[in-house]
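Below is one structure, written out as structure tokens, with a few remarks after it.
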2 protein chains.
Amino acid sequence: MNFIRDLIQSIKDKHSVVSMGLDPRLDKEGEIPQFLIDEYDDPNEIILEFNKTLIDNTYDIISVIKPQIAFYEKYEAFDALKETIKYAHKKDLLVILDCKRNDIGTTSEAYAYSIFKVLNADACTINAYLGIDGVKPFLEFKEKGLFVLVKTSNPSSNDFQNLFSTEILGIPDSKIEVSVENATLERNYIKMARLVSKWGEELTQVSNFHNLGVVVGATFPDELKSIRNIVKNSYILIPGFGAQGATAKETKNGFYEDGLGAIVNSSRGIMYAYSKNGKYSANKFGEAARDKISEMNKEINKVINLDNT
Amino acid sequence: MNFIRDLIQSIKDKHSVVSMGLDPRLDKEGEIPQFLIDEYDDPNEIILEFNKTLIDNTYDIISVIKPQIAFYEKYEAFDALKETIKYAHKKDLLVILDCKRNDIGTTSEAYAYSIFKVLNADACTINAYLGIDGVKPFLEFKEKGLFVLVKTSNPSSNDFQNLFSTEILGIPDSKIEVSVENATLERNYIKMARLVSKWGEELTQVSNFHNLGVVVGATFPDELKSIRNIVKNSYILIPGFGAQGATAKETKNGFYEDGLGAIVNSSRGIMYAYSKNGKYSANKFGEAARDKISEMNKEINKVINLDNT
């Protein structure tokens, strides 16, 4: 396999840029249906059954699933996670593990091994605050995909990501103030995008994309546009659709004219669609998810012209 | 329990600011001894036995252990991790889980639940690239400790953390360049430290410290000094001692005059001390770890005057 090659093929075959998030929650009304919780004792069984039904109902109209590992950690449901990934592969789906891992050296190596070898995910999200040292061990898995956090979808992503920053070389810190006129200021998320662009320079490309992608929230369409122009050969994973308020229109800036360049994730909006619409009983959660995805595909494909490729 | 209160008490009782990292590795010579690997089939048993022996030999001369979760993920050794934490608590040790978690909202909540409730760690490391949204769910566990990555110990921490940054309000991005003379530029790690300082303002303090700490690598003593002056009420977790090249002298800037304010972690340098010194056979790895810690305590306490408190 090669993540980016398989992703692009799957997007073309299925005419879908939608990623279904799998963030199972057992303790909130309107999320994993009660009848499933009552049926099994082990959270692993409940979650796996829930995920498999979602996959069965949707695998032919999405390219990717994105399990969020935090929920599998919370319920000690690593078996469910492993089995979900195995099942998704059987159904011809790619798996991006959302885990935002970050560390250095042998520790990053251990994370990468766990994600790509033990869990067998096809791609994962990472946080590059630690610089290239933390990214390299993941890049060693050349066939796997990576998505570096650049601009996240949450409101307080401004706290740090929107600070203006610059690189100033050859001047002691104490004298920086007087030399500020020579500096070019750009927001931190732009700088992070530039780092990703640089780190990706040597990577093998398939259809103009390599395996080092970025994450940019759909809630920030202007930022998405700026970042699209910097990481020209990166796929963009766009979260924040649906539950976080963004619509198809807001994702447009992540795509090229041929409809490639980005995937759009929705988690709660798809998984728990049944509880937001009176027409579905709880045991129809799979059909509700499918209907929601069909709606998303239609809305997004209209905006990005994917059907013309 | 209250992490910071218990930590300070333990440091005073044991006259030690040393944290022992527990990063078990099964596949490298000179790390977990072969006789242990041969004795058990399950990595959980090997790792637990190794960790317990280390703890038995050291619990009276350290305050804290810091397991790095990546290695437990790699070997699917979550039982060993849980049992190690339980055992450490029995031996009156505090546990900082090194996991550098980062996300937002319900996902951050799930991580915090997993770390503090399922695994029962007393504190953990987090990455605050996503801003306060990602930190808040952890802060809800008021009695637990947090260490935010500010300046990490690795060489490429400069890539992003050392960019100069500033906040510029009320001016459109396109006009920023002409207004740069009003900006105060500071490196990103300084900005991150300022955020931590702000987020900590409302937190309850014990002996002038609250539960929101920071991580600063011993490999950067000047940066450590600057950060110590900003996060006045934060404990600093200082990694990078030993294997990464820093000595006691380089940690001094993290401490106040009374010897409080920081803890110094060493992982491989302690755990695998037996293999670096011909005088220990592999089955004496516990004694070798103890001797190494005694040496660290002596060196660091001399530099920070802890014995005078």
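Just remember, in the structure tokens the first chain shown is A, the second B, etc., residues are 1-based per chain, and ligands are 1-based in the order shown.
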Q | Backbone-only DSSP, helix (DSSP H, G or I) members of range 95-206 of chain A, as a VMD selection string | A | chain A and resid 105 to 118 132 to 139 155 to 161 173 to 182 188 to 200
Q | Test item: residues at most 12 Å from range 277-281 of chain A, only C-alpha atoms, excluding those fewer than 3 positions along its chain, as a list in words | A |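 In the requested form, the answer reads Gly30, Pro33, Gln34, Phe35, Gly269, Ile270, Tyr272, Ala273, Tyr274, Lys284, Phe285, Gly286, Glu287, Ala288, Ala289, Arg290, Asp291 and Lys292 of chain A.
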Mind dumping the selected residues with C-alpha atoms as a compact mmCIF listing (two decimals), in the first residue's frame?
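Here's the written file out.txt:
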# COMPACT_ATOMS: atom_id res chain seq x y z
CA GLY A 30 -28.00 10.29 21.92
CA PRO A 33 -27.63 3.61 21.40
CA GLN A 34 -28.79 2.09 24.68
CA PHE A 35 -29.90 -1.18 23.08
CA GLY A 269 -22.51 14.53 12.86
CA ILE A 270 -22.40 11.15 11.10
CA TYR A 272 -24.98 10.02 15.94
CA ALA A 273 -27.09 11.38 13.05
CA TYR A 274 -29.97 9.13 14.16
CA LYS A 284 -31.45 2.61 12.38
CA PHE A 285 -28.26 4.51 13.36
CA GLY A 286 -26.42 2.92 10.43
CA GLU A 287 -28.96 4.11 7.86
CA ALA A 288 -28.98 7.57 9.45
CA ALA A 289 -25.19 7.71 9.10
CA ARG A 290 -25.41 6.62 5.46
CA ASP A 291 -28.04 9.25 4.67
CA LYS A 292 -25.94 11.92 6.35
Q.
For range 123-131 of chain B, find every residue with an atom within 6 Å (counting only C-alpha atoms), except residues of its own chain fewer than 4 positions away, and show them as a ChimeraX atom specification.
A. /A:156-157,159 /B:96-102,144-149
Q: Report the residues of range 165-251 of chain B whose backbone DSSP state falls under strand (DSSP E), written as an MDAnalysis selection string.
A: chainID B and resid 165:166 186:187 212:216 236:238
Could the residues in this selection be written to a file with N, CA and C atoms, as a PDB file, in the first residue's frame?
ATOM      1  N   SER B 165       7.980  35.504  18.116  1.00  0.00           N
ATOM      2  CA  SER B 165       6.578  35.753  17.820  1.00  0.00           C
ATOM      3  C   SER B 165       6.027  36.913  18.645  1.00  0.00           C
ATOM      4  N   THR B 166       4.885  37.395  18.211  1.00  0.00           N
ATOM      5  CA  THR B 166       4.265  38.530  18.876  1.00  0.00           C
ATOM      6  C   THR B 166       2.774  38.507  18.628  1.00  0.00           C
ATOM      7  N   GLU B 186       9.093  38.005  20.901  1.00  0.00           N
ATOM      8  CA  GLU B 186       9.655  37.050  21.859  1.00  0.00           C
ATOM      9  C   GLU B 186       9.598  35.675  21.221  1.00  0.00           C
ATOM     10  N   ARG B 187      10.496  34.811  21.621  1.00  0.00           N
ATOM     11  CA  ARG B 187      10.498  33.472  21.040  1.00  0.00           C
ATOM     12  C   ARG B 187       9.227  32.714  21.432  1.00  0.00           C
ATOM     13  N   LEU B 212      -0.214  23.441  37.659  1.00  0.00           N
ATOM     14  CA  LEU B 212       0.069  23.587  36.231  1.00  0.00           C
ATOM     15  C   LEU B 212       1.554  23.880  36.016  1.00  0.00           C
ATOM     16  N   GLY B 213       2.299  22.861  35.697  1.00  0.00           N
ATOM     17  CA  GLY B 213       3.741  22.996  35.519  1.00  0.00           C
ATOM     18  C   GLY B 213       4.140  23.075  34.057  1.00  0.00           C
ATOM     19  N   VAL B 214       5.436  23.043  33.812  1.00  0.00           N
ATOM     20  CA  VAL B 214       5.954  23.101  32.440  1.00  0.00           C
ATOM     21  C   VAL B 214       7.084  22.087  32.271  1.00  0.00           C
ATOM     22  N   VAL B 215       7.395  21.801  31.014  1.00  0.00           N
ATOM     23  CA  VAL B 215       8.537  20.947  30.685  1.00  0.00           C
ATOM     24  C   VAL B 215       9.590  21.810  29.997  1.00  0.00           C
ATOM     25  N   VAL B 216      10.813  21.785  30.511  1.00  0.00           N
ATOM     26  CA  VAL B 216      11.927  22.500  29.871  1.00  0.00           C
ATOM     27  C   VAL B 216      13.161  21.595  29.906  1.00  0.00           C
ATOM     28  N   ILE B 236       8.788  22.920  37.339  1.00  0.00           N
ATOM     29  CA  ILE B 236       9.379  22.617  36.031  1.00  0.00           C
ATOM     30  C   ILE B 236       9.872  21.171  36.020  1.00  0.00           C
ATOM     31  N   LEU B 237       9.382  20.412  35.076  1.00  0.00           N
ATOM     32  CA  LEU B 237       9.894  19.056  34.849  1.00  0.00           C
ATOM     33  C   LEU B 237      11.034  19.169  33.853  1.00  0.00           C
ATOM     34  N   ILE B 238      12.234  18.776  34.279  1.00  0.00           N
ATOM     35  CA  ILE B 238      13.428  18.935  33.447  1.00  0.00           C
ATOM     36  C   ILE B 238      13.918  17.574  32.955  1.00  0.00           C
TER      37      ILE B 238
END
Q.
Can you measure CA of Glu31 in chain A to CA of Lys74 in chain A for me? One decimal in Å is fine.
A. 15.5 Å
Q.
Ranking A:Ile32, A:Val150, A:Ile263, A:Ile293 by minimum distance to Leu306 in chain A and counting only C-alpha atoms, which one comes first?
A. A:Ile263
Q.
From the options B:Lys91, B:Lys136, B:Arg194, B:Lys298, which residue's atoms come nearest to Asp103 in chain B, counting only C-alpha atoms?
A. B:Lys136
Q. Using only C-alpha atoms, which of B:Asp41, B:Asp13, B:Glu143, B:Glu73 sits nearest Ile61 in chain B?
A.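 That would be B:Asp13, the residue with the smallest distance to Ile61 in chain B.
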